[in-house]
$ cat input-v5.cif   # mmCIF, C-alpha atoms and all ligand atoms
data_final
#
loop_
_atom_site.label_atom_id
_atom_site.label_comp_id
_atom_site.auth_asym_id
_atom_site.auth_seq_id
_atom_site.Cartn_x
_atom_site.Cartn_y
_atom_site.Cartn_z
CA MET S 790 -17.78 -9.49 -20.69
CA ASP S 791 -17.56 -13.07 -22.06
CA GLU S 792 -18.53 -13.39 -25.69
CA ASP S 793 -21.09 -16.09 -24.90
CA GLN S 794 -22.83 -13.82 -22.36
CA PRO S 795 -26.21 -12.49 -23.46
CA ALA S 796 -26.33 -8.80 -24.39
CA VAL S 797 -27.58 -6.51 -21.64
CA ASP S 798 -30.08 -3.71 -21.99
CA PRO S 799 -28.54 -0.32 -22.90
CA VAL S 800 -29.89 1.11 -19.64
CA VAL S 801 -27.86 -1.44 -17.70
CA ALA S 802 -24.73 -0.57 -19.69
CA GLU S 803 -25.41 3.14 -19.11
CA THR S 804 -25.89 2.65 -15.38
CA ALA S 805 -22.67 0.65 -15.21
CA GLU S 806 -20.81 3.40 -17.04
CA ASP S 807 -22.26 6.06 -14.72
CA ILE S 808 -21.17 4.06 -11.66
CA ALA S 809 -17.66 3.53 -13.06
CA THR S 810 -17.24 7.22 -13.85
CA MET S 811 -18.85 8.22 -10.52
CA GLU S 812 -21.73 10.09 -12.15
CA ILE S 813 -23.61 7.77 -9.81
CA ARG S 814 -21.66 7.48 -6.55
CA GLY S 815 -22.01 6.81 -2.85
CA ALA S 816 -22.47 3.25 -1.66
CA ALA S 817 -26.24 3.42 -1.04
CA THR S 818 -26.93 5.34 -4.24
CA ILE S 819 -24.93 2.81 -6.26
CA ALA S 820 -26.94 -0.04 -4.73
CA ASP S 821 -30.21 1.70 -5.50
CA ALA S 822 -29.20 2.35 -9.12
CA ALA S 823 -28.03 -1.24 -9.60
CA ALA S 824 -31.33 -2.67 -8.32
CA ASP S 825 -33.23 -0.29 -10.60
CA ALA S 826 -31.08 -1.36 -13.58
CA LEU S 827 -31.86 -5.04 -12.92
CA ALA S 828 -35.56 -4.21 -12.81
CA THR S 829 -35.21 -2.46 -16.17
CA GLN S 830 -33.44 -5.50 -17.61
CA ALA S 831 -36.29 -7.70 -16.36
CA ASP S 832 -38.90 -5.33 -17.72
CA ARG S 833 -37.45 -4.99 -21.21
CA THR S 834 -36.27 -8.53 -21.79
CA ASP S 835 -37.29 -10.45 -24.88
CA ALA S 836 -35.96 -13.71 -23.42
CA ALA S 837 -37.63 -16.68 -25.09
CA ASP S 838 -37.71 -18.92 -22.03
CA PRO S 839 -37.00 -18.89 -18.27
CA ALA S 840 -33.40 -20.09 -18.72
CA ALA S 841 -32.67 -17.26 -21.13
CA PHE S 842 -34.25 -14.79 -18.70
CA ARG S 843 -32.05 -15.97 -15.84
CA ASP S 844 -28.95 -15.82 -18.06
CA GLU S 845 -29.78 -12.25 -19.06
CA LEU S 846 -30.27 -11.12 -15.48
CA ARG S 847 -27.03 -12.74 -14.38
CA ALA S 848 -25.19 -11.09 -17.28
CA ALA S 849 -26.64 -7.72 -16.30
CA ALA S 850 -25.55 -8.27 -12.69
CA LYS S 851 -22.00 -9.03 -13.84
CA VAL S 852 -21.78 -5.86 -15.92
CA LEU S 853 -22.91 -3.81 -12.93
CA TYR S 854 -20.67 -5.70 -10.51
CA GLU S 855 -17.52 -5.07 -12.53
CA THR S 856 -17.74 -1.28 -12.19
CA ARG S 857 -16.31 -0.52 -8.74
CA PRO S 858 -14.82 -3.09 -6.39
CA THR S 859 -14.96 -1.63 -2.87
CA ALA S 860 -18.54 -0.76 -1.89
CA VAL S 861 -20.15 -4.07 -0.93
CA SER S 862 -23.59 -2.52 -1.18
CA LEU S 863 -23.33 -3.20 -4.91
CA PRO S 864 -22.95 -7.02 -4.79
CA ASN S 865 -25.30 -7.15 -1.79
CA ALA S 866 -27.96 -5.36 -3.86
CA LEU S 867 -27.44 -7.60 -6.89
CA ARG S 868 -27.61 -10.73 -4.73
CA TYR S 869 -30.80 -9.56 -3.03
CA VAL S 870 -32.58 -8.93 -6.31
CA LEU S 871 -31.36 -12.07 -8.09
CA ARG S 872 -32.42 -14.25 -5.17
CA GLY S 873 -35.94 -12.93 -5.60
CA MET S 874 -36.20 -14.20 -9.19
CA ALA S 875 -38.94 -16.80 -8.99
CA GLY S 876 -41.42 -18.40 -11.36
CA ASP S 877 -41.87 -20.97 -14.10
CA THR S 878 -42.52 -18.55 -16.97
CA VAL S 879 -40.78 -15.47 -18.27
CA SER S 880 -43.68 -13.31 -17.21
CA GLU S 881 -43.62 -14.69 -13.65
CA LEU S 882 -39.87 -14.21 -13.49
CA ARG S 883 -40.22 -10.66 -14.78
CA ALA S 884 -42.86 -9.76 -12.22
CA SER S 885 -41.01 -11.30 -9.28
CA THR S 886 -37.70 -9.65 -10.21
CA ILE S 887 -39.24 -6.22 -10.62
CA ALA S 888 -41.14 -6.60 -7.33
CA ARG S 889 -37.98 -7.72 -5.56
CA ALA S 890 -36.01 -4.73 -6.88
CA GLU S 891 -38.75 -2.37 -5.73
CA GLU S 892 -38.78 -4.02 -2.31
CA PHE S 893 -35.02 -3.60 -2.09
CA ARG S 894 -35.17 0.08 -2.96
CA THR S 895 -37.95 0.73 -0.46
CA GLU S 896 -36.08 -1.08 2.30
CA LEU S 897 -32.92 0.84 1.48
CA GLU S 898 -34.71 4.12 1.97
CA GLN S 899 -36.42 2.97 5.16
CA ALA S 900 -33.13 1.66 6.56
CA GLN S 901 -31.47 5.00 5.97
CA ASP S 902 -34.29 6.85 7.73
CA GLN S 903 -34.18 4.45 10.66
CA LEU S 904 -30.39 4.64 10.89
CA GLY S 905 -30.66 8.43 10.91
CA LYS S 906 -32.86 8.34 13.98
CA VAL S 907 -30.40 6.09 15.80
CA GLY S 908 -27.45 8.29 14.87
CA ALA S 909 -29.31 11.45 15.81
CA ASN S 910 -29.63 10.16 19.36
CA ARG S 911 -25.85 10.44 19.67
CA LEU S 912 -25.93 14.11 18.72
CA ARG S 913 -26.74 16.70 21.38
CA ASP S 914 -28.24 20.12 20.86
CA GLY S 915 -25.41 22.48 19.87
CA ASP S 916 -22.95 19.78 18.76
CA VAL S 917 -20.36 20.36 16.06
CA VAL S 918 -19.82 17.47 13.67
CA MET S 919 -16.79 16.99 11.42
CA THR S 920 -17.55 15.15 8.18
CA HIS S 921 -15.44 13.51 5.49
CA CYS S 922 -16.55 12.95 1.89
CA HIS S 923 -20.29 12.75 1.16
CA SER S 924 -22.35 10.04 2.77
CA THR S 925 -26.13 9.90 2.58
CA ASP S 926 -26.14 7.63 5.64
CA ALA S 927 -24.12 10.15 7.66
CA LEU S 928 -26.29 13.02 6.47
CA SER S 929 -29.40 11.09 7.49
CA CYS S 930 -28.18 11.29 11.11
CA ILE S 931 -27.81 15.05 10.89
CA GLU S 932 -31.18 15.44 9.18
CA ALA S 933 -32.89 13.42 11.94
CA ALA S 934 -31.18 15.52 14.61
CA LEU S 935 -32.45 18.68 12.91
CA ASP S 936 -35.94 17.15 12.68
CA ALA S 937 -35.74 16.53 16.43
CA GLY S 938 -35.16 20.26 16.91
CA LYS S 939 -31.44 20.10 17.68
CA HIS S 940 -29.04 22.78 16.51
CA VAL S 941 -26.07 21.19 14.75
CA GLU S 942 -23.04 22.79 13.11
CA ALA S 943 -20.59 21.15 10.74
CA ILE S 944 -16.93 21.27 9.86
CA VAL S 945 -16.76 19.78 6.39
CA LYS S 946 -13.55 18.35 4.97
CA GLU S 947 -13.09 19.11 1.30
CA THR S 948 -12.03 15.50 0.52
CA ARG S 949 -9.47 15.47 -2.23
CA PRO S 950 -9.15 14.49 -4.97
CA ARG S 951 -12.82 14.71 -6.05
CA LYS S 952 -13.97 17.18 -3.38
CA GLN S 953 -17.18 15.40 -2.45
CA GLY S 954 -17.14 17.57 0.68
CA HIS S 955 -18.68 20.23 -1.52
CA ILE S 956 -21.77 18.03 -1.97
CA THR S 957 -22.01 17.61 1.80
CA ALA S 958 -21.60 21.35 2.39
CA ARG S 959 -24.29 22.17 -0.17
CA GLN S 960 -26.77 19.73 1.39
CA LEU S 961 -26.09 20.99 4.89
CA ARG S 962 -26.50 24.62 3.84
CA GLU S 963 -29.82 23.70 2.19
CA TRP S 964 -30.90 22.45 5.61
CA GLY S 965 -29.67 25.69 7.21
CA VAL S 966 -26.73 24.06 9.03
CA PRO S 967 -23.79 26.45 9.61
CA VAL S 968 -20.82 24.99 7.70
CA THR S 969 -17.09 25.60 7.96
CA LEU S 970 -15.40 24.15 4.88
CA ILE S 971 -11.75 23.20 5.38
CA VAL S 972 -8.99 21.56 3.35
CA ASP S 973 -8.19 18.02 4.42
CA ASN S 974 -4.87 19.05 5.93
CA ALA S 975 -6.63 21.36 8.40
CA ALA S 976 -8.65 18.56 10.00
CA ARG S 977 -6.45 18.00 13.06
CA ARG S 978 -6.44 21.70 13.89
CA TYR S 979 -10.23 21.87 13.69
CA LEU S 980 -10.84 18.69 15.69
CA ASP S 981 -10.48 20.88 18.79
CA ASP S 982 -13.77 22.50 17.75
CA ALA S 983 -15.59 19.23 16.98
CA ASP S 984 -17.78 17.07 19.24
CA HIS S 985 -18.00 14.16 16.77
CA VAL S 986 -16.43 12.82 13.64
CA LEU S 987 -19.24 11.45 11.49
CA VAL S 988 -18.50 9.44 8.35
CA GLY S 989 -20.18 6.83 6.18
CA ALA S 990 -18.79 3.53 4.94
CA ASP S 991 -18.41 1.67 1.68
CA SER S 992 -17.84 -1.64 3.43
CA ILE S 993 -17.58 -2.88 7.00
CA ALA S 994 -15.36 -5.91 7.63
CA ALA S 995 -16.14 -8.71 10.06
CA ASP S 996 -13.47 -7.46 12.48
CA GLY S 997 -15.20 -4.06 12.61
CA GLY S 998 -12.72 -2.38 10.26
CA VAL S 999 -14.33 0.44 8.32
CA ILE S 1000 -13.56 0.85 4.63
CA ASN S 1001 -14.38 4.39 3.62
CA LYS S 1002 -13.11 7.29 1.52
CA ILE S 1003 -9.34 7.72 1.56
CA GLY S 1004 -8.37 9.88 4.52
CA THR S 1005 -10.90 8.42 6.94
CA SER S 1006 -8.29 6.38 8.81
CA GLY S 1007 -5.97 9.33 9.38
CA LEU S 1008 -8.90 11.41 10.54
CA ALA S 1009 -9.96 8.69 12.97
CA VAL S 1010 -6.47 8.36 14.44
CA ASN S 1011 -6.26 12.12 14.93
CA ALA S 1012 -9.75 12.16 16.43
CA ARG S 1013 -8.75 9.51 18.96
CA GLU S 1014 -5.67 11.53 19.88
CA ARG S 1015 -7.89 14.58 20.37
CA GLY S 1016 -10.57 12.64 22.28
CA VAL S 1017 -13.27 13.18 19.67
CA PRO S 1018 -15.57 10.16 19.19
CA VAL S 1019 -15.79 8.63 15.71
CA MET S 1020 -19.23 7.55 14.54
CA VAL S 1021 -19.71 5.53 11.37
CA ALA S 1022 -23.16 5.61 9.77
CA ALA S 1023 -23.63 2.46 7.72
CA GLN S 1024 -26.77 0.57 6.80
CA THR S 1025 -26.40 -3.19 7.11
CA ILE S 1026 -26.08 -3.38 3.33
CA LYS S 1027 -22.53 -2.09 3.91
CA LEU S 1028 -21.57 -5.23 5.87
CA HIS S 1029 -19.19 -7.31 3.78
CA PRO S 1030 -20.13 -11.01 4.08
CA ASP S 1031 -16.94 -12.36 2.46
CA THR S 1032 -14.83 -10.91 5.27
CA MET S 1033 -16.38 -13.47 7.63
CA THR S 1034 -14.34 -16.11 5.83
CA GLY S 1035 -11.08 -14.20 5.84
CA HIS S 1036 -11.33 -12.34 2.53
CA THR S 1037 -10.08 -8.80 2.44
CA VAL S 1038 -11.89 -5.90 0.79
CA ALA S 1039 -10.42 -4.75 -2.52
CA ILE S 1040 -9.39 -1.11 -2.45
CA GLU S 1041 -10.19 0.66 -5.70
CA MET S 1042 -7.30 2.46 -7.38
CA ARG S 1043 -8.68 5.24 -9.56
CA ASP S 1044 -7.14 7.08 -12.47
CA GLU S 1045 -4.14 9.28 -11.72
CA SER S 1046 -5.70 12.17 -13.64
CA GLU S 1047 -8.01 12.74 -10.63
CA VAL S 1048 -4.91 13.67 -8.62
CA LEU S 1049 -2.85 15.26 -11.36
CA PRO S 1050 -4.99 16.43 -14.29
CA ASP S 1051 -3.28 16.41 -17.67
CA ALA S 1052 -3.42 20.22 -17.77
CA GLU S 1053 -1.33 20.38 -14.56
CA ARG S 1054 1.09 17.59 -15.36
CA ALA S 1055 3.76 19.88 -16.76
CA ASP S 1056 3.82 21.71 -13.38
CA VAL S 1057 5.39 18.56 -11.98
CA THR S 1058 7.26 17.07 -14.90
CA GLY S 1059 8.63 20.30 -16.36
CA GLU S 1060 10.09 19.61 -19.78
CA ARG S 1061 10.10 15.83 -19.20
CA SER S 1062 6.47 15.11 -20.09
CA ASP S 1063 7.17 11.35 -20.32
CA ASP S 1064 9.04 11.14 -16.97
CA GLU S 1065 8.75 7.49 -15.95
CA GLY S 1066 10.21 8.25 -12.53
CA LEU S 1067 7.01 10.04 -11.54
CA VAL S 1068 4.35 7.76 -10.10
CA VAL S 1069 0.92 9.11 -9.16
CA GLU S 1070 -1.25 6.82 -7.02
CA ASN S 1071 -4.92 7.34 -6.31
CA PRO S 1072 -6.44 4.85 -3.86
CA ALA S 1073 -10.10 5.76 -3.36
CA PHE S 1074 -10.50 4.16 0.07
CA ASP S 1075 -8.65 3.15 3.21
CA VAL S 1076 -9.29 0.91 6.19
CA THR S 1077 -9.86 2.34 9.65
CA PRO S 1078 -9.04 -0.27 12.31
CA PRO S 1079 -11.88 -0.93 14.74
CA ARG S 1080 -9.96 0.46 17.71
CA TYR S 1081 -10.36 3.99 16.30
CA VAL S 1082 -14.13 3.69 15.83
CA ASP S 1083 -16.53 4.37 18.71
CA ALA S 1084 -19.80 3.27 17.16
CA ILE S 1085 -21.18 1.82 13.96
CA VAL S 1086 -24.72 3.11 13.56
CA THR S 1087 -27.06 0.91 11.53
CA GLU S 1088 -30.82 0.67 11.06
CA ARG S 1089 -30.70 -2.12 13.65
CA GLY S 1090 -29.14 0.06 16.31
CA GLN S 1091 -25.61 1.08 17.15
CA PHE S 1092 -22.80 -1.41 17.60
CA PRO S 1093 -19.27 -1.25 18.92
CA PRO S 1094 -17.17 -2.30 15.91
CA GLU S 1095 -15.95 -5.47 17.60
CA SER S 1096 -19.49 -6.86 17.84
CA ILE S 1097 -20.57 -6.18 14.27
CA VAL S 1098 -19.70 -9.74 13.28
CA THR S 1099 -22.63 -11.10 15.28
CA LEU S 1100 -24.99 -8.93 13.25
CA MET S 1101 -23.29 -10.11 10.06
CA ARG S 1102 -23.84 -13.76 10.98
CA ASP S 1103 -27.51 -13.07 11.71
CA LEU S 1104 -27.98 -11.38 8.37
CA PHE S 1105 -25.85 -13.45 6.03
CA GLY S 1106 -25.24 -16.80 7.69
CA GLU S 1107 -21.65 -17.97 7.52
CA THR S 1108 -20.76 -17.25 3.93
CA THR S 1109 -21.95 -16.15 0.50
CA GLY S 1110 -20.74 -16.54 -3.07
CA GLU S 1111 -20.82 -14.25 -6.08
CA PRO S 1112 -24.11 -12.36 -6.48
CA TRP S 1113 -25.21 -14.45 -9.47
CA GLU S 1114 -24.54 -17.82 -7.82
CA PRO S 1115 -27.67 -19.57 -6.54
O1 LIG Z 1 -23.93 5.14 1.07
P1 LIG Z 1 -23.51 6.52 1.43
O2 LIG Z 1 -23.60 6.75 2.90
O3 LIG Z 1 -24.22 7.59 0.64
O4 LIG Z 1 -21.96 6.69 1.01
C1 LIG Z 1 -20.98 5.88 1.61
C2 LIG Z 1 -19.62 6.18 1.08
O5 LIG Z 1 -19.60 6.12 -0.36
C3 LIG Z 1 -18.68 7.09 -0.83
O6 LIG Z 1 -17.79 6.55 -1.78
P2 LIG Z 1 -17.70 7.13 -3.29
O7 LIG Z 1 -17.86 8.62 -3.25
O8 LIG Z 1 -18.77 6.43 -4.10
O9 LIG Z 1 -16.31 6.74 -3.76
C4 LIG Z 1 -17.97 7.67 0.37
O10 LIG Z 1 -16.81 6.94 0.74
C5 LIG Z 1 -19.07 7.56 1.40
O11 LIG Z 1 -18.61 7.67 2.74
#
$ encode --input "input-v5.cif" --output "structure tokens"
Amino acid sequence: MDEDQPAVDPVVAETAEDIATMEIRGAATIADAAADALATQADRTDAADPAAFRDELRAAAKVLYETRPTAVSLPNALRYVLRGMAGDTVSELRASTIARAEEFRTELEQAQDQLGKVGANRLRDGDVVMTHCHSTDALSCIEAALDAGKHVEAIVKETRPRKQGHITARQLREWGVPVTLIVDNAARRYLDDADHVLVGADSIAADGGVINKIGTSGLAVNARERGVPVMVAAQTIKLHPDTMTGHTVAIEMRDESEVLPDAERADVTGERSDDEGLVVENPAFDVTPPRYVDAIVTERGQFPPESIVTLMRDLFGETTGEPWEP
């Protein structure tokens, strides 16, 4: 952070650290935590005047923004809250910012419930769903199908390197859904048993491309080859406004130790522990082209990927700047 930036509340710094280390993860959960952190900053501020308050909130937004680059729900959340800052006094600004953050968090929850109902309509009684990673939006679709009395089974991909498939499997088992847990490499074999591929998204581009956990694109290509429809569950907060003006979505590269932990390094390097010829890469996300996606399910209904841009224009207008720009 710039040296002339105001200090941020320790809770904001802690939230940022938890997002960066993935203690807090998942695009919607990150957005929720970021909005809550801004509310805390507003609540605890000792800013002397409105200008100082605004500077503090913008500084807090920057600290949160700089944690992970791919999930657009984070800047979209920050922008939403900061645009609600209104008032001529610090106490008015505080109240409006806290209220705006609460509104955001309520709407986020409602959008996920609504999206779940839309997605559940695509699932028939007895369907088998293959999942990748852990997505609360995707799980909302399954939960709504269960609530509607449908029997659903799941094939859950482990999702290396962090194995978030385990979180999905645990949640599904808590709901009583029969789960078959598989390694990622087994996905194509098990697609023959699946009626749907159901994944979430970290960002959706204006051309309908879906940015989601690494491995999603390969899964989608295999699903197309096998004739299994691919459904992406993504609240509109996952729509990436900058892609309307030609920007691409940054793909986060995470630490190589997630792929090759230090304790296992010698298995690969042998005696040469400083082998510079060994490169380990760990991209967290990939882009699934729209032609491999059958439907993007949002709280505003389902869309073929090619038409998502019309929804983006409705929601965002033509363009947007950084979250802290007016
Ligand atoms: O918002 P929800 O649907 O919960 O999650 C959306 C996506 O966020 C996750 O990213 P990460 O695990 O934070 O890297 C996964 O890629 C998941 O599909």
$ closest_atom_pairs --input "input-v5.cif" --of "chain S" --to "ligand LIG 1 (chain Z)" --cutoff "7 Å" --atoms "all atoms listed in the file" --output "tab-separated table"
residue	atom	partner	partner_atom	distance
S:Met811	CA	Z:LIG1	O8	6.7
S:Arg814	CA	Z:LIG1	O8	3.9
S:Gly815	CA	Z:LIG1	O8	3.5
S:Ala816	CA	Z:LIG1	O1	3.6
S:Ala817	CA	Z:LIG1	O1	3.6
S:Thr818	CA	Z:LIG1	O3	6.0
S:Cys922	CA	Z:LIG1	C4	5.7
S:His923	CA	Z:LIG1	C5	5.3
S:Ser924	CA	Z:LIG1	O2	3.5
S:Thr925	CA	Z:LIG1	O3	3.6
S:Asp926	CA	Z:LIG1	O2	3.8
S:Ala927	CA	Z:LIG1	O2	5.9
S:Gln953	CA	Z:LIG1	O7	6.9
S:Val988	CA	Z:LIG1	O11	5.9
S:Gly989	CA	Z:LIG1	O11	3.9
S:Ala990	CA	Z:LIG1	C1	4.6
S:Asp991	CA	Z:LIG1	C2	4.7
S:Asn1001	CA	Z:LIG1	O10	4.5
S:Lys1002	CA	Z:LIG1	O10	3.8
S:Ala1022	CA	Z:LIG1	O2	7.0
S:Ala1023	CA	Z:LIG1	O2	6.5
S:Ala1073	CA	Z:LIG1	O9	6.3
S:Phe1074	CA	Z:LIG1	O10	6.9
$ atom_distance --input "input-v5.cif" --atom1 "atom CA of Thr1099 of chain S" --atom2 "atom CA of Val1038 of chain S"
18.8 Å
$ residues_around --input "input-v5.cif" --residues "Ala909 of chain S" --least-positions-apart "4" --cutoff "10 Å" --atoms "only C-alpha atoms" --output "PyMOL selection string"
chain S and resi 903-905+913+927-937+939+1086
$ closest_residue --input "input-v5.cif" --among "S:Pro1072, S:Pro967, S:Gly1004, S:Pro1112" --to "Glu1047 of chain S" --atoms "all atoms listed in the file"
S:Pro1072
$ atom_distance --input "input-v5.cif" --atom1 "atom CA of Tyr869 of chain S" --atom2 "atom CA of Gly997 of chain S"
22.8 Å
$ atom_distance --input "input-v5.cif" --atom1 "atom CA of Pro950 of chain S" --atom2 "atom CA of Val1010 of chain S"
20.5 Å
$ closest_atom_pairs --input "input-v5.cif" --of "segment 880-967 of chain S" --to "segment 830-834 of chain S" --cutoff "8 Å" --atoms "all atoms listed in the file" --output "tab-separated table"
residue	atom	partner	partner_atom	distance
S:Leu882	CA	S:Ala831	CA	8.0
S:Arg883	CA	S:Ala831	CA	5.2
S:Thr886	CA	S:Ala831	CA	6.6
S:Ile887	CA	S:Ala831	CA	6.6
